[in-house]
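What follows is the content of target.txt, which has compact mmCIF, C-alpha atoms:
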# COMPACT_ATOMS: atom_id res chain seq x y z
CA MET A 1 85.10 43.35 22.10
CA ARG A 2 87.29 46.33 21.45
CA MET A 3 87.36 48.89 24.18
CA THR A 4 88.39 52.51 24.04
CA GLN A 5 88.92 54.98 26.80
CA ILE A 6 87.92 58.57 26.59
CA VAL A 7 89.41 61.07 28.96
CA ALA A 8 86.84 63.58 30.00
CA PHE A 9 88.26 67.06 30.07
CA GLY A 10 87.15 69.13 33.04
CA LEU A 11 86.02 67.73 36.35
CA GLY A 12 82.57 69.18 35.85
CA LEU A 13 81.89 66.60 33.13
CA LEU A 14 82.82 63.60 35.22
CA PRO A 15 80.22 61.43 36.91
CA ALA A 16 80.42 61.31 40.67
CA GLY A 17 82.89 58.74 41.95
CA SER A 18 84.48 58.17 38.58
CA ALA A 19 87.84 59.47 37.45
CA PHE A 20 87.42 58.29 33.86
CA ALA A 21 84.42 57.37 31.79
CA LYS A 22 85.08 54.58 29.36
CA GLU A 23 83.50 53.98 26.01
CA HIS A 24 82.81 50.37 25.18
CA ILE A 25 82.12 49.36 21.60
CA VAL A 26 79.54 46.73 20.73
CA SER A 27 78.89 46.00 17.08
CA GLN A 28 75.98 44.39 15.34
CA LYS A 29 76.93 41.71 12.85
CA ALA A 30 74.88 38.92 11.26
CA LYS A 31 71.88 39.94 13.38
CA GLN A 32 73.81 39.44 16.61
CA PHE A 33 75.58 41.70 19.05
CA THR A 34 79.32 41.00 19.09
CA ALA A 35 79.13 40.36 22.84
CA GLU A 36 76.56 38.52 24.92
CA GLU A 37 77.44 40.39 28.11
CA ILE A 38 79.57 43.39 29.03
CA THR A 39 80.43 44.92 32.38
CA LEU A 40 80.67 48.69 32.77
CA ALA A 41 81.32 51.19 35.52
CA VAL A 42 78.63 53.71 36.37
CA GLY A 43 78.93 56.56 33.91
CA ASP A 44 80.47 54.53 31.08
CA THR A 45 78.99 54.60 27.62
CA VAL A 46 78.44 51.96 24.99
CA LEU A 47 78.91 52.83 21.35
CA PHE A 48 76.62 50.65 19.26
CA LYS A 49 77.99 50.25 15.73
CA ASN A 50 75.88 48.75 12.99
CA GLU A 51 78.28 46.70 10.90
CA ASP A 52 75.46 44.57 9.51
CA ASP A 53 73.83 44.56 6.09
CA THR A 54 70.48 45.50 7.59
CA SER A 55 69.05 48.17 9.88
CA HIS A 56 68.75 47.73 13.63
CA ASN A 57 66.99 49.50 16.49
CA VAL A 58 68.79 49.07 19.81
CA PHE A 59 66.78 49.63 22.96
CA SER A 60 66.33 48.64 26.58
CA SER A 61 63.11 48.56 28.52
CA THR A 62 64.80 47.58 31.79
CA GLU A 63 63.97 49.96 34.64
CA GLY A 64 66.96 52.20 35.34
CA ALA A 65 68.28 52.19 31.80
CA LYS A 66 65.35 52.70 29.47
CA PHE A 67 66.36 54.01 26.08
CA ASN A 68 65.55 53.73 22.40
CA LEU A 69 68.32 54.57 19.94
CA GLY A 70 65.92 54.56 16.99
CA ILE A 71 66.64 53.15 13.56
CA GLN A 72 70.31 52.55 12.84
CA LYS A 73 71.02 52.09 9.14
CA GLN A 74 74.05 50.19 7.92
CA GLY A 75 77.23 51.89 9.13
CA ALA A 76 75.47 54.07 11.70
CA GLU A 77 76.70 54.49 15.27
CA SER A 78 74.83 55.52 18.40
CA SER A 79 76.09 56.02 21.92
CA GLN A 80 74.29 55.26 25.16
CA LYS A 81 75.43 56.25 28.66
CA PHE A 82 74.65 54.05 31.66
CA ASP A 83 74.22 56.17 34.79
CA LYS A 84 72.86 53.61 37.24
CA ALA A 85 74.19 50.35 38.62
CA GLY A 86 72.28 47.22 37.73
CA ALA A 87 71.82 44.57 35.08
CA PHE A 88 70.07 45.66 31.93
CA GLU A 89 68.85 43.74 28.91
CA VAL A 90 69.54 45.43 25.59
CA ARG A 91 67.79 44.13 22.49
CA CYS A 92 67.04 45.01 18.91
CA ALA A 93 63.40 45.93 18.37
CA ILE A 94 63.44 44.52 14.84
CA HIS A 95 65.38 41.34 15.62
CA PRO A 96 64.31 40.14 19.09
CA LYS A 97 66.83 37.30 19.12
CA MET A 98 69.57 39.91 19.47
CA LYS A 99 70.25 40.22 23.19
CA LEU A 100 73.01 41.91 25.16
CA LYS A 101 73.29 41.90 28.94
CA VAL A 102 74.85 45.08 30.30
CA VAL A 103 76.06 44.86 33.89
CA VAL A 104 76.83 48.25 35.44
CA LYS A 105 78.79 48.29 38.71
CA MET B 106 63.84 31.62 25.87
CA VAL B 107 64.68 27.98 25.62
CA SER B 108 67.63 25.79 26.24
CA GLY B 109 67.54 22.94 28.73
CA VAL B 110 67.68 19.51 27.21
CA ALA B 111 68.01 21.08 23.88
CA ARG B 112 70.84 19.69 21.98
CA ILE B 113 70.23 21.49 18.78
CA GLY B 114 73.91 21.99 18.27
CA VAL B 115 75.72 20.46 15.44
CA LEU B 116 75.14 23.42 13.23
CA LEU B 117 78.84 23.79 12.79
CA ILE B 118 79.38 20.27 11.57
CA ALA B 119 80.75 20.47 8.10
CA VAL B 120 78.55 18.93 5.47
CA SER B 121 79.95 17.38 2.37
CA PHE B 122 77.80 18.01 -0.64
CA ALA B 123 78.03 15.72 -3.59
CA LEU B 124 77.10 18.42 -6.01
CA GLU B 125 80.30 19.18 -7.81
CA ALA B 126 80.19 16.59 -10.50
CA SER B 127 76.61 17.12 -11.59
CA GLU B 128 76.09 20.87 -11.16
CA PRO B 129 75.79 22.89 -14.34
CA ALA B 130 77.68 26.18 -14.37
CA ALA B 131 74.51 28.21 -14.82
CA PHE B 132 74.35 29.81 -11.36
CA ALA B 133 75.29 33.32 -10.45
CA ALA B 134 76.79 31.73 -7.37
CA GLU B 135 77.29 28.16 -6.27
CA PRO B 136 74.23 27.13 -4.26
CA LYS B 137 76.33 25.15 -1.85
CA ALA B 138 77.77 28.44 -0.64
CA TYR B 139 74.43 28.96 1.07
CA LEU B 140 73.22 25.46 1.85
CA SER B 141 75.07 24.98 5.12
CA SER B 142 73.08 27.73 6.82
CA TYR B 143 69.85 25.82 6.20
CA LYS B 144 70.77 22.56 7.90
CA ARG B 145 68.07 21.19 10.19
CA PRO B 146 68.70 20.77 13.92
CA LYS B 147 68.56 17.26 15.39
CA ASP B 148 66.56 17.88 18.56
CA ILE B 149 63.59 19.95 19.64
CA PRO B 150 64.41 22.52 22.34
CA PHE B 151 62.26 22.57 25.47
CA PRO B 152 62.56 25.16 28.27
CA LYS B 153 64.08 24.17 31.60
CA ASP B 154 60.85 24.92 33.44
CA ASN B 155 58.73 22.80 31.10
CA LEU B 156 60.79 19.86 29.93
CA HIS B 157 59.27 17.31 27.59
CA SER B 158 57.64 14.10 28.70
CA GLN B 159 55.30 11.86 26.74
CA ALA B 160 52.59 12.50 29.34
CA ARG B 161 52.87 16.25 28.85
CA GLU B 162 52.83 15.92 25.09
CA ASP B 163 49.79 13.63 25.22
CA LEU B 164 47.90 15.94 27.58
CA GLY B 165 48.76 18.92 25.41
CA ARG B 166 47.54 17.14 22.30
CA THR B 167 44.28 16.28 24.03
CA LEU B 168 43.72 19.85 25.14
CA PHE B 169 44.69 21.17 21.70
CA PHE B 170 41.98 19.11 20.01
CA ASP B 171 39.30 19.60 22.67
CA PRO B 172 36.57 22.04 21.53
CA ARG B 173 35.33 22.32 25.10
CA LEU B 174 38.14 24.78 25.65
CA SER B 175 35.81 27.32 24.05
CA GLY B 176 32.70 29.09 25.31
CA SER B 177 30.66 27.45 22.57
CA ASP B 178 32.11 23.94 23.11
CA TRP B 179 32.68 24.08 19.37
CA ILE B 180 36.09 25.66 18.73
CA SER B 181 39.36 23.95 19.60
CA CYS B 182 42.88 25.17 18.98
CA ALA B 183 42.89 22.76 16.04
CA THR B 184 39.83 24.40 14.50
CA CYS B 185 42.06 27.21 13.30
CA HIS B 186 45.40 25.39 13.51
CA ASN B 187 44.23 22.45 11.45
CA PRO B 188 46.95 19.85 10.81
CA ALA B 189 45.33 18.98 7.49
CA LEU B 190 45.93 22.56 6.40
CA SER B 191 49.55 22.78 7.53
CA TRP B 192 48.38 23.85 11.00
CA GLY B 193 46.52 26.84 9.64
CA ASP B 194 42.97 27.22 8.36
CA GLY B 195 43.36 28.07 4.71
CA LEU B 196 41.34 31.26 5.11
CA PRO B 197 42.36 34.85 4.40
CA LYS B 198 41.46 35.74 7.97
CA GLY B 199 40.65 33.54 10.94
CA LEU B 200 37.13 32.83 12.13
CA GLY B 201 36.37 33.12 15.83
CA HIS B 202 33.45 32.85 18.24
CA GLY B 203 30.12 33.14 16.44
CA MET B 204 31.91 32.91 13.08
CA LYS B 205 33.34 36.36 13.65
CA VAL B 206 35.96 37.25 11.05
CA LEU B 207 39.17 38.09 12.88
CA GLY B 208 41.68 40.73 11.92
CA ARG B 209 44.50 38.56 10.63
CA ARG B 210 45.24 35.28 8.95
CA THR B 211 45.76 32.31 11.24
CA PRO B 212 49.51 31.65 11.51
CA THR B 213 50.79 28.10 11.37
CA ILE B 214 52.17 26.58 14.56
CA LEU B 215 54.82 24.61 12.66
CA ASN B 216 58.31 24.70 14.17
CA LEU B 217 57.51 27.19 16.92
CA ALA B 218 59.76 25.36 19.39
CA TRP B 219 62.54 27.44 17.91
CA GLY B 220 60.57 30.70 17.88
CA GLU B 221 61.30 33.80 19.91
CA LEU B 222 58.10 35.87 20.16
CA MET B 223 54.71 34.44 19.29
CA MET B 224 51.83 35.69 17.13
CA TRP B 225 51.98 38.06 14.16
CA ASP B 226 52.72 40.99 16.46
CA GLY B 227 54.97 39.18 18.95
CA ARG B 228 52.83 40.04 21.94
CA ALA B 229 53.55 36.72 23.69
CA ASP B 230 57.12 35.89 24.62
CA SER B 231 56.72 32.11 24.79
CA LEU B 232 54.38 29.34 23.73
CA GLU B 233 53.27 29.06 27.35
CA ALA B 234 52.40 32.76 27.40
CA GLN B 235 50.54 32.46 24.13
CA ALA B 236 48.61 29.25 24.69
CA LEU B 237 45.65 30.61 26.62
CA GLY B 238 45.32 33.98 24.90
CA PRO B 239 42.99 32.74 22.16
CA VAL B 240 41.00 30.65 24.67
CA GLU B 241 39.95 33.67 26.72
CA ALA B 242 39.73 36.18 23.87
CA GLU B 243 36.05 37.08 23.41
CA GLY B 244 36.37 37.16 19.65
CA GLU B 245 38.16 33.85 19.40
CA MET B 246 37.32 30.94 21.73
CA ASN B 247 35.51 33.07 24.28
CA LEU B 248 36.06 31.03 27.42
CA PRO B 249 37.07 32.90 30.60
CA LEU B 250 40.00 31.02 32.13
CA ASP B 251 38.30 30.43 35.49
CA GLN B 252 35.46 28.75 33.65
CA MET B 253 37.96 26.74 31.61
CA ILE B 254 39.47 25.27 34.76
CA GLY B 255 36.03 24.45 36.13
CA LYS B 256 35.06 22.68 32.91
CA LEU B 257 38.20 20.56 32.89
CA GLU B 258 37.80 19.69 36.58
CA GLY B 259 34.26 18.60 35.78
CA MET B 260 35.53 15.98 33.33
CA SER B 261 36.94 13.34 35.63
CA SER B 262 39.08 11.68 32.99
CA TYR B 263 41.25 14.78 32.72
CA LYS B 264 42.57 14.59 36.29
CA PRO B 265 44.78 11.50 35.83
CA LEU B 266 46.24 13.04 32.67
CA PHE B 267 47.26 16.15 34.61
CA ASP B 268 48.50 14.07 37.56
CA LYS B 269 50.75 12.08 35.24
CA ALA B 270 52.01 15.10 33.30
CA TYR B 271 52.47 17.54 36.19
CA PRO B 272 52.39 15.51 39.44
CA GLY B 273 51.07 17.49 42.38
CA GLU B 274 50.43 20.65 40.38
CA GLY B 275 46.75 20.15 39.62
CA ILE B 276 44.58 21.60 36.88
CA ASN B 277 45.31 25.29 36.57
CA LYS B 278 46.19 27.94 34.04
CA SER B 279 49.89 27.15 34.27
CA THR B 280 49.65 23.40 33.73
CA ILE B 281 47.12 23.81 30.93
CA ALA B 282 49.34 26.33 29.14
CA LYS B 283 52.48 24.26 29.68
CA ALA B 284 50.86 21.10 28.32
CA ILE B 285 49.58 22.84 25.19
CA ALA B 286 52.98 24.46 24.67
CA THR B 287 54.72 21.09 25.02
CA PHE B 288 52.52 19.56 22.35
CA GLU B 289 53.00 22.55 20.08
CA ARG B 290 56.77 22.20 20.32
CA THR B 291 56.47 18.69 18.88
CA VAL B 292 54.76 20.03 15.76
CA VAL B 293 57.73 20.03 13.42
CA SER B 294 57.75 19.85 9.65
CA GLY B 295 59.43 16.73 8.31
CA GLU B 296 62.23 16.27 5.86
CA ALA B 297 61.52 17.99 2.56
CA PRO B 298 63.25 17.59 -0.81
CA PHE B 299 65.24 20.70 0.04
CA ASP B 300 66.61 18.99 3.16
CA ARG B 301 67.72 16.02 1.10
CA TRP B 302 69.56 18.43 -1.18
CA VAL B 303 71.20 20.03 1.86
CA LYS B 304 72.30 16.55 2.93
CA GLY B 305 73.96 15.96 -0.40
CA ASP B 306 71.37 14.44 -2.73
CA ALA B 307 71.89 16.54 -5.85
CA LYS B 308 68.83 14.99 -7.51
CA ALA B 309 66.44 15.82 -4.70
CA VAL B 310 65.37 19.09 -6.32
CA THR B 311 65.13 20.28 -9.91
CA GLU B 312 67.56 22.59 -11.67
CA ASN B 313 64.82 25.24 -11.69
CA ALA B 314 64.55 24.98 -7.92
CA LYS B 315 68.33 25.25 -7.54
CA ARG B 316 68.33 28.44 -9.59
CA GLY B 317 65.45 29.65 -7.46
CA PHE B 318 67.46 28.96 -4.31
CA VAL B 319 70.29 31.16 -5.52
CA LEU B 320 67.81 33.89 -6.42
CA PHE B 321 66.26 33.48 -2.98
CA ASN B 322 69.64 34.22 -1.40
CA GLU B 323 70.77 36.90 -3.82
CA LYS B 324 68.76 38.95 -6.30
CA ALA B 325 65.35 38.41 -4.73
CA LEU B 326 66.63 39.28 -1.22
CA CYS B 327 64.26 36.75 0.39
CA SER B 328 66.90 35.36 2.76
CA GLN B 329 67.38 38.78 4.33
CA CYS B 330 64.37 37.83 6.47
CA HIS B 331 63.50 34.22 5.58
CA SER B 332 66.79 32.83 6.90
CA GLY B 333 67.87 29.60 8.59
CA TRP B 334 66.35 26.13 8.36
CA ARG B 335 62.87 27.41 9.29
CA PHE B 336 63.18 30.23 6.76
CA THR B 337 62.42 32.96 9.27
CA ASP B 338 64.53 35.39 11.27
CA ASP B 339 61.80 35.58 13.93
CA SER B 340 61.90 39.33 13.41
CA PHE B 341 59.47 42.11 12.57
CA HIS B 342 59.34 43.90 9.24
CA ASP B 343 56.97 46.14 7.34
CA ILE B 344 56.88 44.60 3.87
CA GLY B 345 54.43 47.06 2.35
CA VAL B 346 51.14 45.18 2.55
CA ALA B 347 48.34 47.67 1.91
CA GLY B 348 46.09 48.47 4.87
CA ASP B 349 46.04 50.22 8.21
CA ASP B 350 46.93 47.32 10.54
CA ILE B 351 50.14 48.48 12.26
CA GLY B 352 50.96 45.02 13.69
CA ARG B 353 53.90 45.12 16.09
CA GLY B 354 53.53 48.90 16.24
CA LYS B 355 50.48 48.54 18.46
CA ILE B 356 52.55 46.57 20.98
CA MET B 357 55.62 48.83 20.67
CA PRO B 358 54.17 52.27 19.88
CA ASP B 359 57.42 54.19 20.52
CA PHE B 360 59.31 52.41 17.78
CA GLU B 361 58.85 54.01 14.37
CA VAL B 362 60.34 51.05 12.52
CA LEU B 363 57.72 48.69 13.94
CA GLN B 364 54.68 50.60 12.73
CA GLY B 365 53.23 48.21 10.15
CA ALA B 366 55.70 45.44 11.00
CA PHE B 367 54.73 41.79 11.34
CA LYS B 368 56.70 38.70 12.27
CA THR B 369 58.44 36.91 9.43
CA PRO B 370 56.51 33.66 8.90
CA THR B 371 58.22 30.33 8.28
CA LEU B 372 58.27 29.10 4.69
CA ARG B 373 58.29 25.43 5.61
CA ASN B 374 55.39 23.68 3.80
CA VAL B 375 54.42 27.10 2.53
CA ASP B 376 52.67 25.83 -0.60
CA HIS B 377 50.07 24.19 1.68
CA ARG B 378 49.16 27.44 3.41
CA ALA B 379 47.59 29.77 0.87
CA PRO B 380 46.48 32.51 1.03
CA TYR B 381 49.47 34.52 2.21
CA MET B 382 50.56 37.60 4.17
CA HIS B 383 49.16 38.55 7.58
CA ASP B 384 45.86 39.45 5.98
CA GLY B 385 45.59 36.72 3.36
CA SER B 386 45.76 39.34 0.60
CA GLU B 387 47.91 37.28 -1.78
CA LYS B 388 46.21 34.16 -3.04
CA THR B 389 49.12 32.19 -4.51
CA LEU B 390 52.88 31.88 -4.24
CA GLU B 391 53.09 33.40 -7.71
CA GLU B 392 51.23 36.45 -6.41
CA VAL B 393 53.58 36.67 -3.44
CA VAL B 394 56.62 36.66 -5.74
CA ASP B 395 54.97 39.36 -7.88
CA PHE B 396 54.31 41.36 -4.71
CA TYR B 397 57.97 41.38 -3.76
CA ASP B 398 59.11 41.93 -7.35
CA LYS B 399 57.14 45.17 -7.35
CA GLY B 400 58.57 46.21 -3.97
CA GLY B 401 55.34 45.71 -2.05
CA LYS B 402 52.01 47.38 -2.60
CA GLN B 403 52.20 50.36 -0.29
CA ARG B 404 55.30 52.50 0.07
CA ARG B 405 55.75 54.20 3.42
CA PRO B 406 58.82 55.20 5.45
CA THR B 407 58.67 52.10 7.61
CA VAL B 408 58.86 49.59 4.75
CA SER B 409 61.98 47.44 5.03
CA GLU B 410 65.01 48.50 3.01
CA HIS B 411 65.05 44.96 1.62
CA VAL B 412 61.64 45.33 0.02
CA LYS B 413 62.19 47.16 -3.26
CA PRO B 414 61.57 46.53 -6.97
CA LEU B 415 63.60 43.49 -7.97
CA GLY B 416 63.36 43.34 -11.77
CA LEU B 417 62.79 39.60 -11.85
CA SER B 418 62.12 37.94 -15.21
CA GLY B 419 59.23 35.56 -15.71
CA GLU B 420 61.66 32.64 -15.64
CA GLU B 421 63.24 33.84 -12.42
CA LYS B 422 59.85 34.15 -10.76
CA ALA B 423 59.00 30.59 -11.81
CA ASP B 424 62.34 29.37 -10.46
CA LEU B 425 61.65 31.02 -7.11
CA VAL B 426 58.27 29.33 -6.84
CA ALA B 427 59.84 26.02 -7.86
CA PHE B 428 62.31 26.43 -5.02
CA LEU B 429 59.61 27.30 -2.49
CA ARG B 430 57.76 24.09 -3.37
CA THR B 431 60.82 22.05 -2.38
CA LEU B 432 60.29 23.10 1.25
CA THR B 433 57.22 20.92 1.66
CA SER B 434 57.48 17.66 3.57
CA ARG B 435 55.22 14.64 3.35
CA ASP B 436 54.37 14.36 7.00
CA LYS B 437 52.64 11.43 8.66
CA PRO B 438 48.91 11.78 9.28
CA VAL B 439 48.11 13.32 12.65
CA VAL B 440 46.24 11.11 15.10
CA ILE B 441 43.40 12.96 16.81
CA PRO B 442 42.98 11.76 20.42
CA MET B 443 39.83 10.47 22.03
CA LEU B 444 38.67 13.19 24.42
CA PRO B 445 38.12 12.72 28.16
CA ARG B 446 34.55 12.72 29.45
As structure tokens, what does this structure read like?
Amino acid sequence: MRMTQIVAFGLGLLPAGSAFAKEHIVSQKAKQFTAEEITLAVGDTVLFKNEDDTSHNVFSSTEGAKFNLGIQKQGAESSQKFDKAGAFEVRCAIHPKMKLKVVVK
Amino acid sequence: MVSGVARIGVLLIAVSFALEASEPAAFAAEPKAYLSSYKRPKDIPFPKDNLHSQAREDLGRTLFFDPRLSGSDWISCATCHNPALSWGDGLPKGLGHGMKVLGRRTPTILNLAWGELMMWDGRADSLEAQALGPVEAEGEMNLPLDQMIGKLEGMSSYKPLFDKAYPGEGINKSTIAKAIATFERTVVSGEAPFDRWVKGDAKAVTENAKRGFVLFNEKALCSQCHSGWRFTDDSFHDIGVAGDDIGRGKIMPDFEVLQGAFKTPTLRNVDHRAPYMHDGSEKTLEEVVDFYDKGGKQRRPTVSEHVKPLGLSGEEKADLVAFLRTLTSRDKPVVIPMLPR
């Protein structure tokens, strides 16, 4: 998994207790996420990139990190911030065999 | 969902296909470029919390064929999932308690050991979770689960079967569901001509079928959803069947893409399971191919991007159907058990 780091300009934008918020990239290829599990710090984001030849719909229904990124066509990207510590299951609503465990510490 | 004793593995083993010498150069692409992704697994996967044993399989088979698991004492699981009809019922829509016509076609239970979510709309996340749903559904088998347990406890010959399958656990909803699920996991379609082709027998299928296989993977876009050895991605797609049944959308109302989506069915033994689609609206495989060639029957924003007019010729359509017929296995007759009294 490729990882990038984004420096947040201005202390007012930073989450409490975090000097830097990182952006982690997870792609979707061949109806799979490119990682089975990733570990983040509170306040980090995950950029979901659809590099597949089909649409996806990334979501989580785990308490503490519920989100629905909606339909992602081929080539689309969507970002999701994780504000709470915990372990969250991320899936594709169209392809339920696609599973990603996000651990936020 | 499953793992445990599963040793499906081996998918990465390279397969040598003896096709080169005899293949005509009439394909848009070499079929062997696709064949390796359709190789059958060796073993059936069972979950860690419900491993296989012969006793569990036997109990599950007995329960599956027992019509006393219904309020009428007349409908068993096998009434709708009839092994003689490729574990379906051959009807456009299922028939339930009191001959009530149900909302959708009965899906086959073939090869569900490898499935992810069960039923057309995926509302059960395992075979164990699914097994008792139809039993207690008023419109289907119409037997409240508490009554079901009482009925089974009243038939003394059932107790030793449960004791052997699940020692010390008794007769309860969990053991009943686990036994049925274990039996269902053993319902696997056998080797078909297509499998023999995958293994290297170039004469196992006709040239028409080989052309159909390439079309299946390319121009006709079928493999976008009907992928892998079971010919399903276990996913949910709106394919443009006319009607107002929103399928998975009722379970997941906040997801636009799932409104009108249904689970991709397996194509194994598909020519034994007419009529087709979740509502039985297409009577033959030829009609199904025509349906996709036209890009479905109802256009709406949720219809899959892979369902669009294909421009197939008559010969191409026939080749596709010829290929689909190579997925049918000649399975051994199913032995129906004597039922406990």
Residues of chain A that approach chain B to 9 Å or less, counting all atoms listed in the file: could you list each one with the shortest pair of atoms and its distance in Å to one decimal, rows by chain and increasing residue number, as JSON lines?
{"residue": "A:Lys31", "atom": "CA", "partner": "B:Asp338", "partner_atom": "CA", "distance": 8.9}
{"residue": "A:Asp53", "atom": "CA", "partner": "B:Gln329", "partner_atom": "CA", "distance": 8.8}
{"residue": "A:Thr54", "atom": "CA", "partner": "B:Glu410", "partner_atom": "CA", "distance": 7.7}
{"residue": "A:Ser55", "atom": "CA", "partner": "B:Glu410", "partner_atom": "CA", "distance": 8.0}
{"residue": "A:Asn57", "atom": "CA", "partner": "B:Val362", "partner_atom": "CA", "distance": 7.9}
{"residue": "A:Asn68", "atom": "CA", "partner": "B:Phe360", "partner_atom": "CA", "distance": 7.9}
{"residue": "A:Gly70", "atom": "CA", "partner": "B:Phe360", "partner_atom": "CA", "distance": 7.0}
{"residue": "A:Ile71", "atom": "CA", "partner": "B:Val362", "partner_atom": "CA", "distance": 6.7}
{"residue": "A:Ala93", "atom": "CA", "partner": "B:Phe360", "partner_atom": "CA", "distance": 7.7}
{"residue": "A:Ile94", "atom": "CA", "partner": "B:Phe341", "partner_atom": "CA", "distance": 5.2}
{"residue": "A:His95", "atom": "CA", "partner": "B:Ser340", "partner_atom": "CA", "distance": 4.6}
{"residue": "A:Pro96", "atom": "CA", "partner": "B:Ser340", "partner_atom": "CA", "distance": 6.2}
{"residue": "A:Lys97", "atom": "CA", "partner": "B:Glu221", "partner_atom": "CA", "distance": 6.6}
| request: Measuring atom to atom with all atoms listed in the file, identify which of A:Lys99, A:His24, A:Lys105, A:His56 is nearest to Gln74 of chain A. | output: A:His56
| task | Scan for residues within 10 Å of the point (76.6, 44.5, 18.0) in the coordinates of the file, using only C-alpha atoms, and reply as a list of chain:residue names. | result |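 Residues found, by chain and rising number: A:Met1, A:Ile25, A:Val26, A:Ser27, A:Gln28, A:Lys29, A:Ala30, A:Lys31, A:Gln32, A:Phe33, A:Thr34, A:Ala35, A:Glu36, A:Leu47, A:Phe48, A:Lys49, A:Asn50, A:Glu51, A:Asp52, A:His56, A:Val58, A:Arg91, A:Cys92, A:Met98, A:Lys99, A:Leu100.
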| request: Give me, please, the distance in Å between atom CA of Ile356 of chain B and atom CA of Met223 of chain B, quoted to one decimal. | output: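 Answer for the atom CA of Ile356 of chain B to atom CA of Met223 of chain B separation: 12.4 Å.
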| If you measure from atom CA of Lys101 of chain A to atom CA of Ser78 of chain A, what distance in Å do you get, rounded to one decimal? |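 A separation of 17.3 Å between them.
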| request: Please indicate the distance in Å from atom CA of Glu77 of chain A to atom CA of Gly43 of chain A, rounded to one decimal place. | output: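 Here the two named atoms are 18.9 Å from each other.
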| Ala325 of chain B environment, 9 Å, only C-alpha atoms, sequence neighbours closer than 6 positions dropped, as an MDAnalysis selection string | chainID B and resid 319 394 397:398 415:417 425
| message | Set the distance at 8 Å and use all atoms listed in the file: which residues neighbour Ala218 of chain B once local chain neighbours fewer than 5 positions away are removed? I'd like the list as a PyMOL selection string. | response | chain B and resi 149-151+232+289-291
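Excluding Glu387 of chain B itself and same-chain residues fewer than 2 positions from it, the residues having an atom within 12 Å of it are B:Leu196, B:Pro197, B:Lys198, B:Arg210, B:Val346, B:Ala347, B:Arg378, B:Ala379, B:Pro380, B:Tyr381, B:Met382, B:His383, B:Asp384, B:Gly385, B:Thr389, B:Leu390, B:Glu391, B:Glu392, B:Val393, B:Val394, B:Asp395, B:Phe396, B:Tyr397, B:Gly401, B:Lys402, counting only C-alpha atoms.
Nearest to Glu312 of chain B of all the residues B:Pro442, B:Cys327, B:Pro265, B:Ala427 is B:Ala427, counting all atoms listed in the file.
Each of B:Ala236, B:Leu257, B:Leu429, B:Ala423 was compared to Val310 of chain B using only C-alpha atoms, and B:Leu429 turns out to be the nearest.
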Writing N, CA and C atoms and nothing else, produce segment 86-97 of chain A as a PDB file, in the first residue's frame.
ATOM      1  N   GLY A  86     -10.697   2.510  17.086  1.00  0.00           N
ATOM      2  CA  GLY A  86     -11.489   1.281  17.027  1.00  0.00           C
ATOM      3  C   GLY A  86     -11.104   0.452  15.817  1.00  0.00           C
ATOM      4  N   ALA A  87     -11.820  -0.632  15.634  1.00  0.00           N
ATOM      5  CA  ALA A  87     -11.617  -1.492  14.464  1.00  0.00           C
ATOM      6  C   ALA A  87     -12.893  -1.461  13.638  1.00  0.00           C
ATOM      7  N   PHE A  88     -12.756  -1.154  12.381  1.00  0.00           N
ATOM      8  CA  PHE A  88     -13.921  -0.942  11.536  1.00  0.00           C
ATOM      9  C   PHE A  88     -13.828  -1.807  10.279  1.00  0.00           C
ATOM     10  N   GLU A  89     -14.954  -2.385   9.920  1.00  0.00           N
ATOM     11  CA  GLU A  89     -14.991  -3.183   8.691  1.00  0.00           C
ATOM     12  C   GLU A  89     -15.518  -2.322   7.552  1.00  0.00           C
ATOM     13  N   VAL A  90     -14.719  -2.231   6.501  1.00  0.00           N
ATOM     14  CA  VAL A  90     -15.104  -1.493   5.308  1.00  0.00           C
ATOM     15  C   VAL A  90     -15.382  -2.504   4.198  1.00  0.00           C
ATOM     16  N   ARG A  91     -16.473  -2.311   3.490  1.00  0.00           N
ATOM     17  CA  ARG A  91     -16.840  -3.260   2.443  1.00  0.00           C
ATOM     18  C   ARG A  91     -17.310  -2.509   1.205  1.00  0.00           C
ATOM     19  N   CYS A  92     -17.533  -3.247   0.156  1.00  0.00           N
ATOM     20  CA  CYS A  92     -18.187  -2.694  -1.029  1.00  0.00           C
ATOM     21  C   CYS A  92     -19.622  -3.197  -1.018  1.00  0.00           C
ATOM     22  N   ALA A  93     -20.559  -2.278  -1.185  1.00  0.00           N
ATOM     23  CA  ALA A  93     -21.970  -2.674  -1.134  1.00  0.00           C
ATOM     24  C   ALA A  93     -22.361  -3.538  -2.325  1.00  0.00           C
ATOM     25  N   ILE A  94     -21.686  -3.353  -3.439  1.00  0.00           N
ATOM     26  CA  ILE A  94     -22.005  -4.144  -4.635  1.00  0.00           C
ATOM     27  C   ILE A  94     -21.347  -5.516  -4.557  1.00  0.00           C
ATOM     28  N   HIS A  95     -20.103  -5.533  -4.103  1.00  0.00           N
ATOM     29  CA  HIS A  95     -19.303  -6.763  -4.081  1.00  0.00           C
ATOM     30  C   HIS A  95     -18.962  -7.117  -2.628  1.00  0.00           C
ATOM     31  N   PRO A  96     -19.834  -7.840  -1.948  1.00  0.00           N
ATOM     32  CA  PRO A  96     -19.649  -8.059  -0.502  1.00  0.00           C
ATOM     33  C   PRO A  96     -18.420  -8.872  -0.127  1.00  0.00           C
ATOM     34  N   LYS A  97     -17.779  -9.515  -1.098  1.00  0.00           N
ATOM     35  CA  LYS A  97     -16.548 -10.235  -0.759  1.00  0.00           C
ATOM     36  C   LYS A  97     -15.371  -9.289  -0.574  1.00  0.00           C
TER      37      LYS A  97
END
